[in-house]
Amino acid sequence: MGTLFSTLNVARSGLQVAQVQMDTTGHNIANVNKDGYSRQRVDLISPSPDVRSYGAIGRGVQVKLIERLREGFLDTVLRAEVGDLGASDVRAPYFDRIQNLFSEPGDQGFGTNITAFFDSLNDLANNVEEQPVRMSVINQAQTLSSSFNQLSQQIYALRTNANEEVINTVPDINSLAQQIAKMNVSIRNSEAGGVKANDLRDQRDVLLDQLANEVNIQFRERDNGQIDVLIGGESFITGESYRAIEAVRDPSIDPARQDLVTARFVDNGQAVNIQSGVLYGALQVRDVDLAVLTNRVDTMAATIINEINKVHSTGNGLDNLSGTISATNAVTDPGVPLGSAGLPFPITTPGSFDVVVYDASGTATTTTINVTNTTTLDSLAADLNAVGNFSASVSNGILSLGTASPNTFSFAKDTSGVLASLGVNSLFTGHDAASMGVSQAIEDNPRLLTSAYSTNVLDTGDNTAALAMANVRNSKVLENGTATINDFYETTIVRVGTDAQANQQQNTVQQAFVDDFQRRRQEVSGVSIDEEVTNMMLFQRGYEASAHVITVVDRMLDALFNAF
């Protein structure tokens, strides 16, 4: 049967438990504003009772453990959503900057420069002999070239910024991995005696949340309390060790950008399978969003250059060409066929073009030069040297050609496109948005600006070539012959806007998901002051009641001792 001393032990256990409960409640209240803190709860058990013939006599209460309230499923889902949110957060400001580059819609928009250039060609077709009109075409060509140059530089700079974000994110990931690995050791050592390291686990969970924002992770807990982390199915953190990641230059990403990096594991050089997070967002911006935009802007510039030059190279201005002129595009090897010699624009074979040589009286002699799939720059120069009163030479992959005074010359009927591809008698120089420019010879002498197809030097009013250049605006020369330059530009702007809107919508949805799961996690793990104060009052009452039991037992013992 129970004794008064056993009753004292029961009351003592109540006092001890109430004190632990008060300590835990106070700890919760103290950490109410700490990010990542999970409220803790005291789990109680009853010791085995003393069994008597008349029944079991309880022996009070004991603390089983102090556990933190945490839902693993919510952590897993939240970290997946945080990664997607991190990616869309990174992309959002880039889309804003991209849209600002084009300044559309508006009078100062990029498309205005394209329109103004072709409008100037229409004016030229109506006034081919007017010097101010010719100057206007050249000025608009310069403005258009500068616009493409600036746009290319700005996109290049944005890609550089995104690349820097990749470079800067990798050390952050390694730092978080190192901290998690250290926390694994601390938690393992702390829990070796079977006691949960609640506060250490909270700190590790904060680090895991941050890591999930940087890169896609999967994680699993070992029996000893340590966490293993994987990235894209590959082991990243294993207990107390981790595999460092490095940003390594990779020319295969873009041969024109030797500075672009990829993320690889240091130990074996394997590429990291990145699927979400800040790192993924930066890579998407750099290698998809801006890369596609670069390609479209370059395609647009290259098309304008080639289509205008195909007309310009085979026409005449108010003055014929004279002396020696040089091509602006070099070949990689003058001894290989032109089609595979690294020229920026395609050549059609078989094809041909005419060389027209004028003597001092203006009498023209026309010679046709054939271009086949075996024509090299050296063989082309040899064919040109065979033309009367005409010469050509090759130096460092550049073709130079012309006549000696008083002879002059021009070109006509180029069905091969070789003149435009080489950059002979072209209005534009370069081959993409970054390199686009205007011929210095035409800037120096606007009378060389092509306006006529006629080879008659007296036919200065011919505007057929000027009309042909103006009509490039309405020609379906892009998207496999289905889109004009304006169509292509408008599609580019629409795509930028659509991608920006889609990312914004995704960002909004992801933010809502993250907020929702954060709320749910707070409902489970967050500290409620009202609840803690209520619990504190209950624990206080429990403590007072246990103390009162001791007081009563003490009086009973006094009565018992005084009876003898």
# chains A, B, ... in the order shown; residues from 1 in each chain; ligands from 1
call {"tool": "residues_around", "arguments": {"residues": "A:Gly342", "least_positions_apart": "2", "cutoff": "7 Å", "atoms": "only C-alpha atoms", "output": "count of residues only"}}
result
4
call {"tool": "select_by_dssp", "arguments": {"residues": "stretch 300-399 of chain A", "states": "helix (DSSP H, G or I)", "output": "number ranges by chain"}}
result
A: 300-312, 338-340, 377-385
call {"tool": "write_last_selection", "arguments": {"atoms": "N, CA and C atoms", "output": "PDB file, in the first residue's frame"}}
result
ATOM      1  N   MET A 300      17.955  39.670 -87.071  1.00  0.00           N
ATOM      2  CA  MET A 300      17.326  40.850 -87.662  1.00  0.00           C
ATOM      3  C   MET A 300      18.375  41.769 -88.300  1.00  0.00           C
ATOM      4  N   ALA A 301      19.476  42.016 -87.569  1.00  0.00           N
ATOM      5  CA  ALA A 301      20.533  42.874 -88.096  1.00  0.00           C
ATOM      6  C   ALA A 301      21.184  42.242 -89.319  1.00  0.00           C
ATOM      7  N   ALA A 302      21.483  40.953 -89.237  1.00  0.00           N
ATOM      8  CA  ALA A 302      22.136  40.268 -90.352  1.00  0.00           C
ATOM      9  C   ALA A 302      21.261  40.272 -91.602  1.00  0.00           C
ATOM     10  N   THR A 303      19.958  40.127 -91.390  1.00  0.00           N
ATOM     11  CA  THR A 303      19.043  40.125 -92.538  1.00  0.00           C
ATOM     12  C   THR A 303      19.007  41.493 -93.211  1.00  0.00           C
ATOM     13  N   ILE A 304      18.934  42.543 -92.421  1.00  0.00           N
ATOM     14  CA  ILE A 304      18.952  43.896 -93.000  1.00  0.00           C
ATOM     15  C   ILE A 304      20.263  44.125 -93.739  1.00  0.00           C
ATOM     16  N   ILE A 305      21.381  43.760 -93.113  1.00  0.00           N
ATOM     17  CA  ILE A 305      22.691  43.940 -93.749  1.00  0.00           C
ATOM     18  C   ILE A 305      22.755  43.211 -95.083  1.00  0.00           C
ATOM     19  N   ASN A 306      22.403  41.941 -95.072  1.00  0.00           N
ATOM     20  CA  ASN A 306      22.560  41.121 -96.284  1.00  0.00           C
ATOM     21  C   ASN A 306      21.589  41.524 -97.384  1.00  0.00           C
ATOM     22  N   GLU A 307      20.323  41.743 -97.011  1.00  0.00           N
ATOM     23  CA  GLU A 307      19.321  42.050 -98.032  1.00  0.00           C
ATOM     24  C   GLU A 307      19.583  43.425 -98.666  1.00  0.00           C
ATOM     25  N   ILE A 308      19.970  44.395 -97.862  1.00  0.00           N
ATOM     26  CA  ILE A 308      20.287  45.714 -98.421  1.00  0.00           C
ATOM     27  C   ILE A 308      21.557  45.635 -99.263  1.00  0.00           C
ATOM     28  N   ASN A 309      22.565  44.924 -98.754  1.00  0.00           N
ATOM     29  CA  ASN A 309      23.838  44.840 -99.483  1.00  0.00           C
ATOM     30  C   ASN A 309      23.719  44.062-100.783  1.00  0.00           C
ATOM     31  N   LYS A 310      22.818  43.093-100.836  1.00  0.00           N
ATOM     32  CA  LYS A 310      22.637  42.346-102.086  1.00  0.00           C
ATOM     33  C   LYS A 310      22.148  43.265-103.201  1.00  0.00           C
ATOM     34  N   VAL A 311      21.363  44.246-102.821  1.00  0.00           N
ATOM     35  CA  VAL A 311      20.913  45.240-103.803  1.00  0.00           C
ATOM     36  C   VAL A 311      22.026  46.256-104.056  1.00  0.00           C
ATOM     37  N   HIS A 312      22.576  46.767-102.960  1.00  0.00           N
ATOM     38  CA  HIS A 312      23.535  47.858-103.078  1.00  0.00           C
ATOM     39  C   HIS A 312      24.782  47.448-103.856  1.00  0.00           C
ATOM     40  N   LEU A 338      34.197  28.935-101.350  1.00  0.00           N
ATOM     41  CA  LEU A 338      33.628  30.064-100.619  1.00  0.00           C
ATOM     42  C   LEU A 338      32.484  29.659 -99.690  1.00  0.00           C
ATOM     43  N   GLY A 339      31.747  28.640-100.093  1.00  0.00           N
ATOM     44  CA  GLY A 339      30.616  28.216 -99.276  1.00  0.00           C
ATOM     45  C   GLY A 339      31.018  27.677 -97.923  1.00  0.00           C
ATOM     46  N   SER A 340      32.269  27.282 -97.762  1.00  0.00           N
ATOM     47  CA  SER A 340      32.751  26.747 -96.489  1.00  0.00           C
ATOM     48  C   SER A 340      33.959  27.523 -95.971  1.00  0.00           C
ATOM     49  N   LEU A 377      38.288  31.931-103.045  1.00  0.00           N
ATOM     50  CA  LEU A 377      38.619  33.346-103.158  1.00  0.00           C
ATOM     51  C   LEU A 377      39.806  33.537-104.102  1.00  0.00           C
ATOM     52  N   ASP A 378      40.736  32.615-104.067  1.00  0.00           N
ATOM     53  CA  ASP A 378      41.884  32.705-104.977  1.00  0.00           C
ATOM     54  C   ASP A 378      41.443  32.551-106.434  1.00  0.00           C
ATOM     55  N   SER A 379      40.547  31.604-106.685  1.00  0.00           N
ATOM     56  CA  SER A 379      40.109  31.402-108.075  1.00  0.00           C
ATOM     57  C   SER A 379      39.230  32.557-108.539  1.00  0.00           C
ATOM     58  N   LEU A 380      38.459  33.131-107.602  1.00  0.00           N
ATOM     59  CA  LEU A 380      37.643  34.291-107.951  1.00  0.00           C
ATOM     60  C   LEU A 380      38.540  35.472-108.322  1.00  0.00           C
ATOM     61  N   ALA A 381      39.614  35.679-107.553  1.00  0.00           N
ATOM     62  CA  ALA A 381      40.551  36.749-107.878  1.00  0.00           C
ATOM     63  C   ALA A 381      41.202  36.524-109.233  1.00  0.00           C
ATOM     64  N   ALA A 382      41.491  35.267-109.549  1.00  0.00           N
ATOM     65  CA  ALA A 382      42.093  34.959-110.847  1.00  0.00           C
ATOM     66  C   ALA A 382      41.118  35.274-111.986  1.00  0.00           C
ATOM     67  N   ASP A 383      39.838  34.940-111.794  1.00  0.00           N
ATOM     68  CA  ASP A 383      38.836  35.242-112.827  1.00  0.00           C
ATOM     69  C   ASP A 383      38.685  36.752-113.000  1.00  0.00           C
ATOM     70  N   LEU A 384      38.742  37.495-111.905  1.00  0.00           N
ATOM     71  CA  LEU A 384      38.621  38.949-112.000  1.00  0.00           C
ATOM     72  C   LEU A 384      39.851  39.564-112.673  1.00  0.00           C
ATOM     73  N   ASN A 385      40.998  38.973-112.459  1.00  0.00           N
ATOM     74  CA  ASN A 385      42.213  39.478-113.110  1.00  0.00           C
ATOM     75  C   ASN A 385      42.177  39.278-114.610  1.00  0.00           C
TER      76      ASN A 385
END
call {"tool": "residues_around", "arguments": {"residues": "A:Ser352", "least_positions_apart": "5", "cutoff": "6 Å", "atoms": "only C-alpha atoms", "output": "list in words"}}
result
Ile369, Asn370, Val371, Asp414, Thr415 and Ser416 of chain A
call {"tool": "write_last_selection", "arguments": {"atoms": "N, CA and C atoms", "output": "short mmCIF file (atom, residue, chain, number, x, y, z; two decimals), in the first residue's frame"}}
result
data_model
loop_
_atom_site.label_atom_id
_atom_site.label_comp_id
_atom_site.auth_asym_id
_atom_site.auth_seq_id
_atom_site.Cartn_x
_atom_site.Cartn_y
_atom_site.Cartn_z
N ILE A 369 31.19 36.89 -114.43
CA ILE A 369 32.01 36.01 -113.60
C ILE A 369 31.11 34.93 -113.01
N ASN A 370 31.43 33.68 -113.30
CA ASN A 370 30.64 32.56 -112.80
C ASN A 370 31.13 32.11 -111.42
N VAL A 371 30.19 31.76 -110.58
CA VAL A 371 30.50 31.27 -109.23
C VAL A 371 29.90 29.88 -109.08
N ASP A 414 24.05 40.20 -109.70
CA ASP A 414 24.68 39.15 -108.88
C ASP A 414 23.61 38.16 -108.42
N THR A 415 23.60 36.99 -109.02
CA THR A 415 22.65 35.94 -108.62
C THR A 415 23.24 34.99 -107.59
N SER A 416 24.52 35.16 -107.29
CA SER A 416 25.20 34.27 -106.35
C SER A 416 25.21 34.82 -104.92
#
call {"tool": "residues_around", "arguments": {"residues": "A:Ala157", "least_positions_apart": "6", "cutoff": "12 Å", "atoms": "only C-alpha atoms", "output": "list in words"}}
result
Tyr94, Arg97, Ile98, Leu101, Gln150, Leu151, Asn163, Glu164, Arg257, Arg286, Leu290 and Thr294 of chain A
call {"tool": "select_by_dssp", "arguments": {"residues": "stretch 2-191 of chain A", "states": "strand (DSSP E or B)", "output": "MDAnalysis selection string"}}
result
chainID A and resid 40:45 50:52 55:57 62:68
call {"tool": "write_last_selection", "arguments": {"atoms": "C-alpha atoms", "output": "PDB file, in the first residue's frame"}}
result
ATOM      1  CA  GLN A  40       8.716  23.026 -28.165  1.00  0.00           C
ATOM      2  CA  ARG A  41       6.450  20.858 -26.085  1.00  0.00           C
ATOM      3  CA  VAL A  42       7.051  18.649 -23.045  1.00  0.00           C
ATOM      4  CA  ASP A  43       5.817  15.115 -23.545  1.00  0.00           C
ATOM      5  CA  LEU A  44       4.862  13.369 -20.273  1.00  0.00           C
ATOM      6  CA  ILE A  45       4.549   9.761 -19.246  1.00  0.00           C
ATOM      7  CA  ASP A  50       2.604   0.082  -7.704  1.00  0.00           C
ATOM      8  CA  VAL A  51       0.225  -2.823  -8.150  1.00  0.00           C
ATOM      9  CA  ARG A  52      -1.662  -3.979  -5.076  1.00  0.00           C
ATOM     10  CA  GLY A  55      -5.538  -1.998  -7.644  1.00  0.00           C
ATOM     11  CA  ALA A  56      -2.657   0.008  -9.105  1.00  0.00           C
ATOM     12  CA  ILE A  57      -1.383   3.072  -7.259  1.00  0.00           C
ATOM     13  CA  GLN A  62       7.815  12.015 -15.609  1.00  0.00           C
ATOM     14  CA  VAL A  63       9.172  13.976 -18.568  1.00  0.00           C
ATOM     15  CA  LYS A  64       9.541  11.653 -21.540  1.00  0.00           C
ATOM     16  CA  LEU A  65      11.172  14.227 -23.842  1.00  0.00           C
ATOM     17  CA  ILE A  66      11.066  17.791 -25.001  1.00  0.00           C
ATOM     18  CA  GLU A  67      10.188  17.770 -28.680  1.00  0.00           C
ATOM     19  CA  ARG A  68       9.826  20.490 -31.271  1.00  0.00           C
TER      20      ARG A  68
END
call {"tool": "atom_distance", "arguments": {"atom1": "atom CA of A:Val527", "atom2": "atom CA of A:Val32"}}
result
5.5 Å
call {"tool": "atom_distance", "arguments": {"atom1": "atom CA of A:Phe102", "atom2": "atom CA of A:Asn122"}}
result
24.5 Å
call {"tool": "atom_distance", "arguments": {"atom1": "atom CA of A:Ala512", "atom2": "atom CA of A:Asn168"}}
result
27.7 Å
call {"tool": "closest_residue", "arguments": {"among": "A:Val215, A:Ala559, A:Val472, A:Ile245", "to": "A:Asp84", "atoms": "only C-alpha atoms"}}
result
A:Val215
call {"tool": "residues_around", "arguments": {"residues": "stretch 12-14 of chain A", "least_positions_apart": "3", "cutoff": "10 Å", "atoms": "only C-alpha atoms", "output": "NGL selection string"}}
result
:A and (6-9 or 17-20 or 59-63 or 539 or 542-547 or 549-550)
call {"tool": "write_last_selection", "arguments": {"atoms": "N, CA and C atoms", "output": "mmCIF file, in the first residue's frame"}}
result
data_model
loop_
_atom_site.group_PDB
_atom_site.id
_atom_site.type_symbol
_atom_site.label_atom_id
_atom_site.label_comp_id
_atom_site.auth_asym_id
_atom_site.auth_seq_id
_atom_site.Cartn_x
_atom_site.Cartn_y
_atom_site.Cartn_z
ATOM 1 N N SER A 6 5.462 8.092 -0.212
ATOM 2 C CA SER A 6 5.231 7.891 -1.646
ATOM 3 C C SER A 6 4.380 9.016 -2.208
ATOM 4 N N THR A 7 3.478 9.543 -1.377
ATOM 5 C CA THR A 7 2.675 10.687 -1.816
ATOM 6 C C THR A 7 3.556 11.914 -2.016
ATOM 7 N N LEU A 8 4.561 12.076 -1.128
ATOM 8 C CA LEU A 8 5.519 13.165 -1.313
ATOM 9 C C LEU A 8 6.247 13.032 -2.641
ATOM 10 N N ASN A 9 6.633 11.814 -2.993
ATOM 11 C CA ASN A 9 7.327 11.592 -4.267
ATOM 12 C C ASN A 9 6.424 11.944 -5.453
ATOM 13 N N VAL A 17 8.000 18.354 -13.012
ATOM 14 C CA VAL A 17 7.433 18.441 -14.358
ATOM 15 C C VAL A 17 6.929 19.846 -14.639
ATOM 16 N N ALA A 18 6.270 20.441 -13.669
ATOM 17 C CA ALA A 18 5.753 21.801 -13.859
ATOM 18 C C ALA A 18 6.897 22.778 -14.103
ATOM 19 N N GLN A 19 8.016 22.559 -13.410
ATOM 20 C CA GLN A 19 9.158 23.443 -13.601
ATOM 21 C C GLN A 19 9.718 23.300 -15.023
ATOM 22 N N VAL A 20 9.828 22.047 -15.511
ATOM 23 C CA VAL A 20 10.310 21.820 -16.887
ATOM 24 C C VAL A 20 9.353 22.454 -17.888
ATOM 25 N N ARG A 59 2.301 6.571 -9.558
ATOM 26 C CA ARG A 59 3.529 7.090 -8.960
ATOM 27 C C ARG A 59 3.918 8.453 -9.530
ATOM 28 N N GLY A 60 2.908 9.181 -9.950
ATOM 29 C CA GLY A 60 3.165 10.550 -10.384
ATOM 30 C C GLY A 60 3.390 10.660 -11.898
ATOM 31 N N VAL A 61 4.292 11.538 -12.279
ATOM 32 C CA VAL A 61 4.503 11.846 -13.698
ATOM 33 C C VAL A 61 5.998 12.056 -13.953
ATOM 34 N N GLN A 62 6.422 11.804 -15.205
ATOM 35 C CA GLN A 62 7.815 12.015 -15.609
ATOM 36 C C GLN A 62 7.850 12.701 -16.977
ATOM 37 N N VAL A 63 8.957 13.385 -17.242
ATOM 38 C CA VAL A 63 9.172 13.976 -18.568
ATOM 39 C C VAL A 63 9.747 12.911 -19.480
ATOM 40 N N PHE A 539 0.455 25.536 -15.998
ATOM 41 C CA PHE A 539 1.607 24.930 -15.342
ATOM 42 C C PHE A 539 1.788 25.525 -13.933
ATOM 43 N N GLY A 542 -0.659 23.872 -11.761
ATOM 44 C CA GLY A 542 -0.210 22.516 -11.472
ATOM 45 C C GLY A 542 0.886 22.501 -10.426
ATOM 46 N N TYR A 543 1.813 23.471 -10.569
ATOM 47 C CA TYR A 543 2.896 23.568 -9.591
ATOM 48 C C TYR A 543 2.340 23.882 -8.207
ATOM 49 N N GLU A 544 1.401 24.845 -8.139
ATOM 50 C CA GLU A 544 0.807 25.222 -6.860
ATOM 51 C C GLU A 544 0.049 24.054 -6.239
ATOM 52 N N ALA A 545 -0.642 23.301 -7.094
ATOM 53 C CA ALA A 545 -1.410 22.159 -6.567
ATOM 54 C C ALA A 545 -0.476 21.100 -6.004
ATOM 55 N N SER A 546 0.620 20.818 -6.715
ATOM 56 C CA SER A 546 1.579 19.829 -6.211
ATOM 57 C C SER A 546 2.199 20.311 -4.900
ATOM 58 N N ALA A 547 2.505 21.622 -4.843
ATOM 59 C CA ALA A 547 3.057 22.177 -3.604
ATOM 60 C C ALA A 547 2.048 22.053 -2.458
ATOM 61 N N VAL A 549 -0.177 19.707 -2.166
ATOM 62 C CA VAL A 549 -0.169 18.299 -1.739
ATOM 63 C C VAL A 549 0.951 18.073 -0.737
ATOM 64 N N ILE A 550 2.127 18.639 -1.006
ATOM 65 C CA ILE A 550 3.257 18.479 -0.097
ATOM 66 C C ILE A 550 2.934 19.097 1.259
#
call {"tool": "closest_residue", "arguments": {"among": "A:Ala247, A:Ile253, A:Leu283, A:Ala87", "to": "A:Gln270", "atoms": "only C-alpha atoms"}}
result
A:Ala247
call {"tool": "residues_around", "arguments": {"residues": "stretch 429-442 of chain A", "least_positions_apart": "2", "cutoff": "6 Å", "atoms": "only C-alpha atoms", "output": "MDAnalysis selection string"}}
result
chainID A and resid 145 148:149 152 298 301:302 427 444:446 448
call {"tool": "closest_residue", "arguments": {"among": "A:Ala483, A:Ile493, A:Ala141, A:Val357", "to": "A:Gly388", "atoms": "only C-alpha atoms"}}
result
A:Val357
call {"tool": "closest_residue", "arguments": {"among": "A:Gln510, A:Thr492, A:Gln518, A:Gln226", "to": "A:Glu81", "atoms": "only C-alpha atoms"}}
result
A:Gln510
call {"tool": "closest_residue", "arguments": {"among": "A:Ile155, A:Leu560, A:Gln504, A:Glu531", "to": "A:Thr25", "atoms": "only C-alpha atoms"}}
result
A:Glu531
call {"tool": "decode", "arguments": {"residues": "stretch 386-438 of chain A", "atoms": "C-alpha atoms", "output": "tab-separated table (two decimals), in the first residue's frame"}}
result
chain	number	residue	atom	x	y	z
A	386	ALA	CA	41.23	38.10	-116.49
A	387	VAL	CA	38.77	40.98	-116.97
A	388	GLY	CA	40.16	43.71	-119.20
A	389	ASN	CA	41.47	46.81	-117.42
A	390	PHE	CA	40.61	45.23	-114.10
A	391	SER	CA	42.67	43.60	-111.33
A	392	ALA	CA	42.16	41.73	-108.08
A	393	SER	CA	44.30	40.35	-105.28
A	394	VAL	CA	43.93	38.50	-101.98
A	395	SER	CA	45.71	39.38	-98.75
A	396	ASN	CA	44.97	37.90	-95.34
A	397	GLY	CA	41.70	36.48	-96.64
A	398	ILE	CA	40.50	39.89	-97.92
A	399	LEU	CA	39.71	40.48	-101.60
A	400	SER	CA	40.84	43.78	-103.14
A	401	LEU	CA	39.78	44.73	-106.65
A	402	GLY	CA	39.44	47.69	-108.99
A	403	THR	CA	40.76	49.62	-111.97
A	404	ALA	CA	43.43	52.14	-112.73
A	405	SER	CA	42.53	55.75	-113.63
A	406	PRO	CA	40.85	56.93	-115.79
A	407	ASN	CA	38.79	53.74	-115.82
A	408	THR	CA	35.89	53.24	-113.41
A	409	PHE	CA	33.72	50.21	-112.66
A	410	SER	CA	30.53	48.81	-111.14
A	411	PHE	CA	28.83	45.45	-110.63
A	412	ALA	CA	25.50	44.10	-111.82
A	413	LYS	CA	23.16	41.10	-111.76
A	414	ASP	CA	24.68	39.15	-108.88
A	415	THR	CA	22.65	35.94	-108.62
A	416	SER	CA	25.20	34.27	-106.35
A	417	GLY	CA	25.17	36.77	-103.48
A	418	VAL	CA	28.96	36.54	-103.35
A	419	LEU	CA	29.48	40.32	-103.50
A	420	ALA	CA	27.25	40.95	-100.49
A	421	SER	CA	28.75	38.02	-98.61
A	422	LEU	CA	32.28	39.32	-99.20
A	423	GLY	CA	31.20	42.88	-98.44
A	424	VAL	CA	32.07	44.38	-101.82
A	425	ASN	CA	30.44	47.76	-102.59
A	426	SER	CA	28.15	47.39	-99.57
A	427	LEU	CA	26.19	50.02	-97.69
A	428	PHE	CA	26.46	48.17	-94.39
A	429	THR	CA	29.52	46.58	-92.89
A	430	GLY	CA	29.54	43.78	-90.33
A	431	HIS	CA	27.44	40.65	-90.02
A	432	ASP	CA	25.44	41.00	-86.79
A	433	ALA	CA	24.07	43.57	-84.35
A	434	ALA	CA	27.40	44.10	-82.60
A	435	SER	CA	29.47	44.60	-85.77
A	436	MET	CA	26.93	46.45	-87.92
A	437	GLY	CA	28.19	49.71	-89.40
A	438	VAL	CA	28.11	51.92	-92.51
